[in-house]
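So the structure is just underneath, and the comments pick up after that.
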Amino acid sequence: IEILKQLSTNPNIDMYISSGRGRETLLDVEHIIPYFTGLNLANGGHLIIGDKDYKFTIDKELVTRLVNYMVEHKISFAASTTTGNVRLYFDEETKKVFDNNVPTPYTLLSETDTYYFGEVIQFWMLAFNDVIDEVSNLFPELTFFKWSKWGADVIPYNRDKATGISKIIEIMNYDINNTFAFGDSDNDVPMFKLCKTSIVMAKCTPAARDAASYITGPIEEGGLAD
(Lines give C-alpha, C1' and ligand atoms only; values in the text may rest on other atoms or scores of the structure.)
Protein backbone atom coordinates (compact mmCIF):
# COMPACT_ATOMS: atom_id res chain seq x y z
CA ILE A 1 0.00 0.00 0.00
CA GLU A 2 2.82 2.40 0.88
CA ILE A 3 4.52 1.78 -2.47
CA LEU A 4 1.25 2.42 -4.34
CA LYS A 5 0.82 5.69 -2.42
CA GLN A 6 4.34 6.80 -3.32
CA LEU A 7 4.03 5.91 -6.99
CA SER A 8 0.61 7.56 -7.30
CA THR A 9 2.09 10.94 -6.31
CA ASN A 10 4.86 10.74 -8.93
CA PRO A 11 3.81 12.94 -11.90
CA ASN A 12 5.91 10.79 -14.27
CA ILE A 13 4.11 7.54 -13.43
CA ASP A 14 0.59 6.35 -14.24
CA MET A 15 -0.66 3.05 -12.82
CA TYR A 16 -3.44 0.78 -14.03
CA ILE A 17 -5.08 -2.30 -12.61
CA SER A 18 -5.23 -5.00 -15.29
CA SER A 19 -7.59 -7.76 -14.19
CA GLY A 20 -9.78 -10.56 -15.43
CA ARG A 21 -12.43 -9.31 -13.02
CA GLY A 22 -15.34 -7.04 -13.84
CA ARG A 23 -15.77 -3.66 -12.12
CA GLU A 24 -18.45 -4.94 -9.74
CA THR A 25 -16.13 -7.65 -8.37
CA LEU A 26 -13.42 -5.28 -7.12
CA LEU A 27 -15.08 -4.60 -3.77
CA ASP A 28 -12.22 -6.19 -1.82
CA VAL A 29 -9.65 -3.84 -3.42
CA GLU A 30 -11.82 -0.72 -3.54
CA HIS A 31 -9.52 1.01 -1.05
CA ILE A 32 -6.54 1.01 -3.44
CA ILE A 33 -8.34 2.04 -6.65
CA PRO A 34 -7.86 5.80 -6.00
CA TYR A 35 -4.09 5.29 -6.41
CA PHE A 36 -4.57 4.22 -10.04
CA THR A 37 -5.03 6.28 -13.20
CA GLY A 38 -7.40 3.72 -14.67
CA LEU A 39 -8.64 0.14 -14.90
CA ASN A 40 -8.16 -2.49 -17.61
CA LEU A 41 -10.83 -5.04 -16.67
CA ALA A 42 -12.44 -8.23 -17.96
CA ASN A 43 -9.25 -9.10 -19.86
CA GLY A 44 -9.36 -5.96 -21.97
CA GLY A 45 -13.14 -5.90 -22.25
CA HIS A 46 -13.77 -2.85 -20.08
CA LEU A 47 -11.47 0.16 -19.78
CA ILE A 48 -12.04 2.96 -17.29
CA ILE A 49 -9.77 6.01 -17.63
CA GLY A 50 -10.84 8.93 -15.50
CA ASP A 51 -14.53 9.49 -16.24
CA LYS A 52 -14.39 7.67 -19.60
CA ASP A 53 -15.69 4.11 -20.09
CA TYR A 54 -14.82 1.84 -23.02
CA LYS A 55 -16.65 -1.49 -23.29
CA PHE A 56 -16.05 -4.28 -25.82
CA THR A 57 -18.70 -7.00 -26.05
CA ILE A 58 -18.88 -10.55 -27.39
CA ASP A 59 -20.84 -11.20 -30.60
CA LYS A 60 -24.48 -11.90 -29.65
CA GLU A 61 -24.81 -14.96 -31.87
CA LEU A 62 -21.76 -16.48 -30.18
CA VAL A 63 -23.16 -15.58 -26.75
CA THR A 64 -26.42 -17.37 -27.58
CA ARG A 65 -24.64 -20.52 -28.76
CA LEU A 66 -22.39 -20.69 -25.70
CA VAL A 67 -25.21 -20.01 -23.22
CA ASN A 68 -27.43 -22.65 -24.84
CA TYR A 69 -24.61 -25.18 -24.66
CA MET A 70 -23.84 -24.47 -20.99
CA VAL A 71 -27.51 -24.58 -20.01
CA GLU A 72 -28.04 -27.85 -21.90
CA HIS A 73 -24.99 -29.47 -20.27
CA LYS A 74 -25.65 -28.09 -16.78
CA ILE A 75 -22.42 -26.05 -16.64
CA SER A 76 -22.45 -23.27 -14.05
CA PHE A 77 -21.32 -19.88 -15.30
CA ALA A 78 -21.40 -16.12 -14.80
CA ALA A 79 -21.89 -13.38 -17.36
CA SER A 80 -20.37 -9.95 -16.89
CA THR A 81 -22.46 -7.51 -18.95
CA THR A 82 -22.51 -3.80 -19.74
CA THR A 83 -25.20 -3.37 -17.09
CA GLY A 84 -23.68 -5.50 -14.33
CA ASN A 85 -23.04 -9.04 -13.22
CA VAL A 86 -25.51 -11.83 -13.99
CA ARG A 87 -24.94 -15.35 -12.67
CA LEU A 88 -26.69 -18.54 -13.58
CA TYR A 89 -26.02 -21.48 -11.26
CA PHE A 90 -27.11 -25.08 -11.55
CA ASP A 91 -25.88 -26.36 -8.18
CA GLU A 92 -25.77 -24.96 -4.67
CA GLU A 93 -22.18 -26.08 -4.05
CA THR A 94 -20.87 -23.88 -6.87
CA LYS A 95 -22.91 -20.95 -5.58
CA LYS A 96 -21.55 -21.41 -2.05
CA VAL A 97 -17.91 -21.55 -3.20
CA PHE A 98 -18.28 -18.50 -5.41
CA ASP A 99 -20.18 -16.40 -2.87
CA ASN A 100 -17.46 -17.08 -0.30
CA ASN A 101 -14.67 -16.00 -2.66
CA VAL A 102 -16.11 -13.17 -4.76
CA PRO A 103 -18.56 -11.06 -2.76
CA THR A 104 -20.45 -8.93 -5.24
CA PRO A 105 -24.06 -7.99 -6.00
CA TYR A 106 -25.61 -9.99 -8.82
CA THR A 107 -28.83 -11.23 -10.36
CA LEU A 108 -29.33 -14.94 -9.72
CA LEU A 109 -31.25 -16.75 -12.44
CA SER A 110 -32.48 -20.33 -12.63
CA GLU A 111 -32.46 -22.78 -15.52
CA THR A 112 -36.16 -22.21 -16.17
CA ASP A 113 -36.01 -18.42 -16.27
CA THR A 114 -36.40 -16.48 -19.47
CA TYR A 115 -33.04 -14.80 -19.18
CA TYR A 116 -31.53 -11.94 -21.13
CA PHE A 117 -27.81 -11.24 -20.97
CA GLY A 118 -27.74 -8.03 -22.93
CA GLU A 119 -24.27 -7.03 -23.98
CA VAL A 120 -21.86 -9.64 -22.57
CA ILE A 121 -18.29 -8.49 -21.95
CA GLN A 122 -16.99 -11.74 -20.48
CA PHE A 123 -18.10 -15.12 -19.17
CA TRP A 124 -16.76 -17.03 -16.21
CA MET A 125 -17.10 -20.78 -16.71
CA LEU A 126 -17.38 -22.51 -13.33
CA ALA A 127 -16.17 -26.03 -14.04
CA PHE A 128 -13.13 -28.29 -13.80
CA ASN A 129 -10.46 -28.27 -16.50
CA ASP A 130 -11.65 -31.39 -18.34
CA VAL A 131 -15.03 -29.73 -18.96
CA ILE A 132 -13.39 -26.43 -19.90
CA ASP A 133 -11.12 -28.19 -22.41
CA GLU A 134 -14.10 -29.97 -23.94
CA VAL A 135 -16.04 -26.73 -24.40
CA SER A 136 -13.02 -24.78 -25.67
CA ASN A 137 -12.58 -27.32 -28.49
CA LEU A 138 -16.15 -26.62 -29.60
CA PHE A 139 -15.74 -22.82 -29.52
CA PRO A 140 -12.50 -21.85 -31.30
CA GLU A 141 -13.77 -18.25 -31.52
CA LEU A 142 -13.23 -17.93 -27.77
CA THR A 143 -10.23 -18.00 -25.44
CA PHE A 144 -10.53 -19.86 -22.13
CA PHE A 145 -8.04 -18.54 -19.56
CA LYS A 146 -7.99 -21.17 -16.79
CA TRP A 147 -7.66 -20.00 -13.20
CA SER A 148 -6.02 -23.22 -12.02
CA LYS A 149 -7.81 -26.55 -11.68
CA TRP A 150 -11.28 -25.00 -11.62
CA GLY A 151 -12.84 -22.11 -13.52
CA ALA A 152 -11.88 -19.95 -16.49
CA ASP A 153 -12.32 -16.50 -18.00
CA VAL A 154 -14.06 -16.79 -21.39
CA ILE A 155 -13.45 -13.99 -23.89
CA PRO A 156 -13.16 -13.50 -27.68
CA TYR A 157 -9.98 -15.09 -29.08
CA ASN A 158 -8.71 -11.70 -30.30
CA ARG A 159 -9.04 -9.92 -26.96
CA ASP A 160 -6.94 -10.05 -23.78
CA LYS A 161 -5.20 -7.79 -21.25
CA ALA A 162 -2.69 -6.77 -23.93
CA THR A 163 -5.38 -5.42 -26.28
CA GLY A 164 -6.70 -3.35 -23.38
CA ILE A 165 -3.21 -2.02 -22.65
CA SER A 166 -2.66 -1.23 -26.33
CA LYS A 167 -5.86 0.82 -26.29
CA ILE A 168 -4.73 2.66 -23.15
CA ILE A 169 -1.36 3.43 -24.77
CA GLU A 170 -3.19 4.78 -27.83
CA ILE A 171 -5.63 6.92 -25.82
CA MET A 172 -3.00 8.30 -23.42
CA ASN A 173 -0.19 8.56 -25.98
CA TYR A 174 2.30 6.58 -23.88
CA ASP A 175 5.67 5.26 -25.06
CA ILE A 176 5.52 1.45 -24.95
CA ASN A 177 9.23 1.40 -24.05
CA ASN A 178 8.28 2.85 -20.67
CA THR A 179 5.73 0.17 -19.76
CA PHE A 180 6.02 -2.29 -16.87
CA ALA A 181 3.64 -5.19 -16.25
CA PHE A 182 3.24 -7.16 -13.01
CA GLY A 183 1.36 -10.46 -12.76
CA ASP A 184 1.24 -14.11 -11.78
CA SER A 185 -1.31 -15.90 -13.99
CA ASP A 186 -1.88 -17.29 -17.48
CA ASN A 187 -4.04 -14.32 -18.44
CA ASP A 188 -1.05 -12.05 -17.71
CA VAL A 189 1.05 -13.66 -20.45
CA PRO A 190 -0.27 -11.48 -23.33
CA MET A 191 0.53 -8.26 -21.47
CA PHE A 192 3.97 -9.65 -20.50
CA LYS A 193 4.69 -10.12 -24.19
CA LEU A 194 3.48 -6.59 -25.03
CA CYS A 195 5.06 -4.48 -22.31
CA LYS A 196 8.75 -3.58 -22.34
CA THR A 197 9.46 -4.99 -18.88
CA SER A 198 7.45 -7.82 -17.30
CA ILE A 199 7.71 -8.83 -13.65
CA VAL A 200 6.23 -12.06 -12.35
CA MET A 201 5.54 -12.82 -8.69
CA ALA A 202 7.36 -15.80 -7.14
CA LYS A 203 4.06 -17.66 -6.70
CA CYS A 204 2.82 -17.89 -10.28
CA THR A 205 1.75 -20.21 -13.06
CA PRO A 206 4.47 -21.84 -15.23
CA ALA A 207 3.28 -19.94 -18.33
CA ALA A 208 3.53 -16.60 -16.53
CA ARG A 209 7.03 -17.39 -15.28
CA ASP A 210 8.21 -18.37 -18.77
CA ALA A 211 6.90 -15.14 -20.31
CA ALA A 212 8.33 -12.73 -17.72
CA SER A 213 11.63 -10.88 -17.93
CA TYR A 214 12.08 -10.60 -14.15
CA ILE A 215 10.99 -12.66 -11.13
CA THR A 216 10.34 -10.93 -7.83
CA GLY A 217 9.40 -12.33 -4.43
CA PRO A 218 5.99 -13.46 -3.17
CA ILE A 219 3.29 -10.84 -2.55
CA GLU A 220 3.22 -11.83 1.13
CA GLU A 221 6.92 -10.96 1.47
CA GLY A 222 6.73 -7.57 -0.26
CA GLY A 223 7.67 -8.83 -3.72
CA LEU A 224 5.64 -6.17 -5.50
CA ALA A 225 7.23 -3.41 -3.42
CA ASP A 226 10.72 -4.74 -4.24
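Residue numbers start at 1 in each chain; chains themselves are named A, B, ... in the order of the C-alpha coordinates; ligands are numbered from 1 in the order shown.
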Extract, using only C-alpha atoms, all DNA, RNA and protein residues at most 6 Å from segment 14-27 of chain A, discarding same-chain residues fewer than 2 positions from it, and format them as a tab-separated table (two decimals) with N, CA and C atoms, in the first residue's frame.
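For reference, part15.tsv as written:
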```
chain	number	residue	atom	x	y	z
A	29	VAL	N	-10.82	-4.70	-3.19
A	29	VAL	CA	-9.65	-3.84	-3.42
A	29	VAL	C	-10.07	-2.39	-3.67
A	30	GLU	N	-11.29	-2.07	-3.30
A	30	GLU	CA	-11.82	-0.72	-3.54
A	30	GLU	C	-10.94	0.36	-2.91
A	36	PHE	N	-4.79	4.59	-8.64
A	36	PHE	CA	-4.57	4.22	-10.04
A	36	PHE	C	-5.20	5.22	-11.01
A	37	THR	N	-4.54	5.38	-12.15
A	37	THR	CA	-5.03	6.28	-13.20
A	37	THR	C	-6.24	5.69	-13.90
A	38	GLY	N	-6.29	4.36	-13.98
A	38	GLY	CA	-7.40	3.72	-14.67
A	38	GLY	C	-7.43	2.23	-14.44
A	39	LEU	N	-8.43	1.58	-15.05
A	39	LEU	CA	-8.64	0.14	-14.90
A	39	LEU	C	-8.75	-0.52	-16.26
A	40	ASN	N	-8.09	-1.66	-16.41
A	40	ASN	CA	-8.16	-2.49	-17.61
A	40	ASN	C	-8.78	-3.81	-17.17
A	41	LEU	N	-10.10	-3.94	-17.30
A	41	LEU	CA	-10.83	-5.04	-16.67
A	41	LEU	C	-11.36	-6.05	-17.68
A	42	ALA	N	-11.83	-7.18	-17.14
A	42	ALA	CA	-12.44	-8.23	-17.96
A	42	ALA	C	-11.54	-8.62	-19.13
A	43	ASN	N	-10.23	-8.72	-18.83
A	43	ASN	CA	-9.25	-9.10	-19.86
A	43	ASN	C	-9.35	-8.21	-21.09
A	104	THR	N	-20.04	-9.99	-4.32
A	104	THR	CA	-20.45	-8.93	-5.24
A	104	THR	C	-21.95	-9.03	-5.47
```
Residue neighbourhood Met70 of chain A, 12 Å, only C-alpha atoms, exclusion window fewer than 2 positions, as a PDB file with N, CA and C atoms, in the first residue's frame:
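And here is the file that came out, result.pdb:
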```
ATOM      1  N   VAL A  63     -22.642 -15.536 -28.121  1.00  0.00           N
ATOM      2  CA  VAL A  63     -23.161 -15.581 -26.748  1.00  0.00           C
ATOM      3  C   VAL A  63     -24.316 -16.570 -26.652  1.00  0.00           C
ATOM      4  N   THR A  64     -25.245 -16.496 -27.592  1.00  0.00           N
ATOM      5  CA  THR A  64     -26.418 -17.374 -27.584  1.00  0.00           C
ATOM      6  C   THR A  64     -26.009 -18.839 -27.688  1.00  0.00           C
ATOM      7  N   ARG A  65     -25.083 -19.132 -28.589  1.00  0.00           N
ATOM      8  CA  ARG A  65     -24.642 -20.518 -28.760  1.00  0.00           C
ATOM      9  C   ARG A  65     -23.971 -21.059 -27.508  1.00  0.00           C
ATOM     10  N   LEU A  66     -23.104 -20.236 -26.896  1.00  0.00           N
ATOM     11  CA  LEU A  66     -22.394 -20.688 -25.699  1.00  0.00           C
ATOM     12  C   LEU A  66     -23.346 -20.868 -24.524  1.00  0.00           C
ATOM     13  N   VAL A  67     -24.254 -19.901 -24.319  1.00  0.00           N
ATOM     14  CA  VAL A  67     -25.214 -20.006 -23.219  1.00  0.00           C
ATOM     15  C   VAL A  67     -26.093 -21.247 -23.391  1.00  0.00           C
ATOM     16  N   ASN A  68     -26.596 -21.478 -24.594  1.00  0.00           N
ATOM     17  CA  ASN A  68     -27.435 -22.650 -24.843  1.00  0.00           C
ATOM     18  C   ASN A  68     -26.681 -23.943 -24.538  1.00  0.00           C
ATOM     19  N   GLU A  72     -27.712 -26.464 -21.520  1.00  0.00           N
ATOM     20  CA  GLU A  72     -28.039 -27.846 -21.902  1.00  0.00           C
ATOM     21  C   GLU A  72     -27.178 -28.859 -21.155  1.00  0.00           C
ATOM     22  N   HIS A  73     -25.914 -28.529 -20.915  1.00  0.00           N
ATOM     23  CA  HIS A  73     -24.988 -29.466 -20.274  1.00  0.00           C
ATOM     24  C   HIS A  73     -24.789 -29.183 -18.788  1.00  0.00           C
ATOM     25  N   LYS A  74     -25.656 -28.356 -18.221  1.00  0.00           N
ATOM     26  CA  LYS A  74     -25.649 -28.085 -16.778  1.00  0.00           C
ATOM     27  C   LYS A  74     -24.295 -27.575 -16.283  1.00  0.00           C
ATOM     28  N   ILE A  75     -23.698 -26.659 -17.029  1.00  0.00           N
ATOM     29  CA  ILE A  75     -22.424 -26.051 -16.643  1.00  0.00           C
ATOM     30  C   ILE A  75     -22.709 -24.708 -15.978  1.00  0.00           C
ATOM     31  N   SER A  76     -22.235 -24.529 -14.763  1.00  0.00           N
ATOM     32  CA  SER A  76     -22.449 -23.269 -14.050  1.00  0.00           C
ATOM     33  C   SER A  76     -21.564 -22.182 -14.641  1.00  0.00           C
ATOM     34  N   PHE A  77     -22.091 -20.966 -14.718  1.00  0.00           N
ATOM     35  CA  PHE A  77     -21.316 -19.878 -15.303  1.00  0.00           C
ATOM     36  C   PHE A  77     -21.822 -18.530 -14.818  1.00  0.00           C
ATOM     37  N   ALA A  78     -21.022 -17.508 -15.086  1.00  0.00           N
ATOM     38  CA  ALA A  78     -21.402 -16.122 -14.801  1.00  0.00           C
ATOM     39  C   ALA A  78     -21.210 -15.304 -16.061  1.00  0.00           C
ATOM     40  N   ALA A  79     -22.022 -14.282 -16.217  1.00  0.00           N
ATOM     41  CA  ALA A  79     -21.887 -13.382 -17.357  1.00  0.00           C
ATOM     42  C   ALA A  79     -21.706 -11.961 -16.846  1.00  0.00           C
ATOM     43  N   LEU A  88     -25.736 -17.455 -13.436  1.00  0.00           N
ATOM     44  CA  LEU A  88     -26.692 -18.542 -13.584  1.00  0.00           C
ATOM     45  C   LEU A  88     -26.053 -19.802 -13.019  1.00  0.00           C
ATOM     46  N   TYR A  89     -26.591 -20.298 -11.910  1.00  0.00           N
ATOM     47  CA  TYR A  89     -26.020 -21.479 -11.264  1.00  0.00           C
ATOM     48  C   TYR A  89     -26.922 -22.692 -11.436  1.00  0.00           C
ATOM     49  N   PHE A  90     -26.318 -23.862 -11.482  1.00  0.00           N
ATOM     50  CA  PHE A  90     -27.107 -25.080 -11.547  1.00  0.00           C
ATOM     51  C   PHE A  90     -26.930 -25.945 -10.313  1.00  0.00           C
ATOM     52  N   GLU A 111     -32.455 -22.148 -14.201  1.00  0.00           N
ATOM     53  CA  GLU A 111     -32.456 -22.777 -15.517  1.00  0.00           C
ATOM     54  C   GLU A 111     -33.763 -22.524 -16.262  1.00  0.00           C
ATOM     55  N   PHE A 123     -17.502 -14.045 -19.954  1.00  0.00           N
ATOM     56  CA  PHE A 123     -18.102 -15.124 -19.170  1.00  0.00           C
ATOM     57  C   PHE A 123     -17.066 -15.664 -18.188  1.00  0.00           C
ATOM     58  N   TRP A 124     -17.557 -16.182 -17.077  1.00  0.00           N
ATOM     59  CA  TRP A 124     -16.756 -17.032 -16.210  1.00  0.00           C
ATOM     60  C   TRP A 124     -17.381 -18.418 -16.266  1.00  0.00           C
ATOM     61  N   MET A 125     -16.619 -19.408 -16.712  1.00  0.00           N
ATOM     62  CA  MET A 125     -17.103 -20.779 -16.709  1.00  0.00           C
ATOM     63  C   MET A 125     -16.677 -21.431 -15.404  1.00  0.00           C
ATOM     64  N   LEU A 126     -17.636 -21.950 -14.662  1.00  0.00           N
ATOM     65  CA  LEU A 126     -17.383 -22.506 -13.331  1.00  0.00           C
ATOM     66  C   LEU A 126     -17.405 -24.024 -13.414  1.00  0.00           C
ATOM     67  N   ALA A 127     -16.266 -24.590 -13.821  1.00  0.00           N
ATOM     68  CA  ALA A 127     -16.168 -26.032 -14.037  1.00  0.00           C
ATOM     69  C   ALA A 127     -14.714 -26.461 -13.920  1.00  0.00           C
ATOM     70  N   VAL A 131     -13.822 -30.283 -18.341  1.00  0.00           N
ATOM     71  CA  VAL A 131     -15.029 -29.731 -18.958  1.00  0.00           C
ATOM     72  C   VAL A 131     -14.667 -28.479 -19.772  1.00  0.00           C
ATOM     73  N   ILE A 132     -13.811 -27.641 -19.197  1.00  0.00           N
ATOM     74  CA  ILE A 132     -13.388 -26.428 -19.900  1.00  0.00           C
ATOM     75  C   ILE A 132     -12.699 -26.777 -21.213  1.00  0.00           C
ATOM     76  N   GLU A 134     -13.092 -29.429 -23.016  1.00  0.00           N
ATOM     77  CA  GLU A 134     -14.103 -29.967 -23.936  1.00  0.00           C
ATOM     78  C   GLU A 134     -14.869 -28.839 -24.627  1.00  0.00           C
ATOM     79  N   VAL A 135     -15.275 -27.849 -23.852  1.00  0.00           N
ATOM     80  CA  VAL A 135     -16.036 -26.730 -24.402  1.00  0.00           C
ATOM     81  C   VAL A 135     -15.153 -25.852 -25.299  1.00  0.00           C
ATOM     82  N   SER A 136     -13.915 -25.639 -24.885  1.00  0.00           N
ATOM     83  CA  SER A 136     -13.023 -24.781 -25.673  1.00  0.00           C
ATOM     84  C   SER A 136     -12.773 -25.366 -27.063  1.00  0.00           C
ATOM     85  N   LEU A 138     -14.939 -26.851 -28.810  1.00  0.00           N
ATOM     86  CA  LEU A 138     -16.150 -26.616 -29.602  1.00  0.00           C
ATOM     87  C   LEU A 138     -16.331 -25.145 -29.974  1.00  0.00           C
ATOM     88  N   PHE A 139     -15.590 -24.256 -29.284  1.00  0.00           N
ATOM     89  CA  PHE A 139     -15.742 -22.822 -29.517  1.00  0.00           C
ATOM     90  C   PHE A 139     -14.371 -22.178 -29.783  1.00  0.00           C
TER      91      PHE A 139
END
```
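In this model, the gap between atom CA of Val120 of chain A and atom CA of Arg87 of chain A comes to 11.8 Å.
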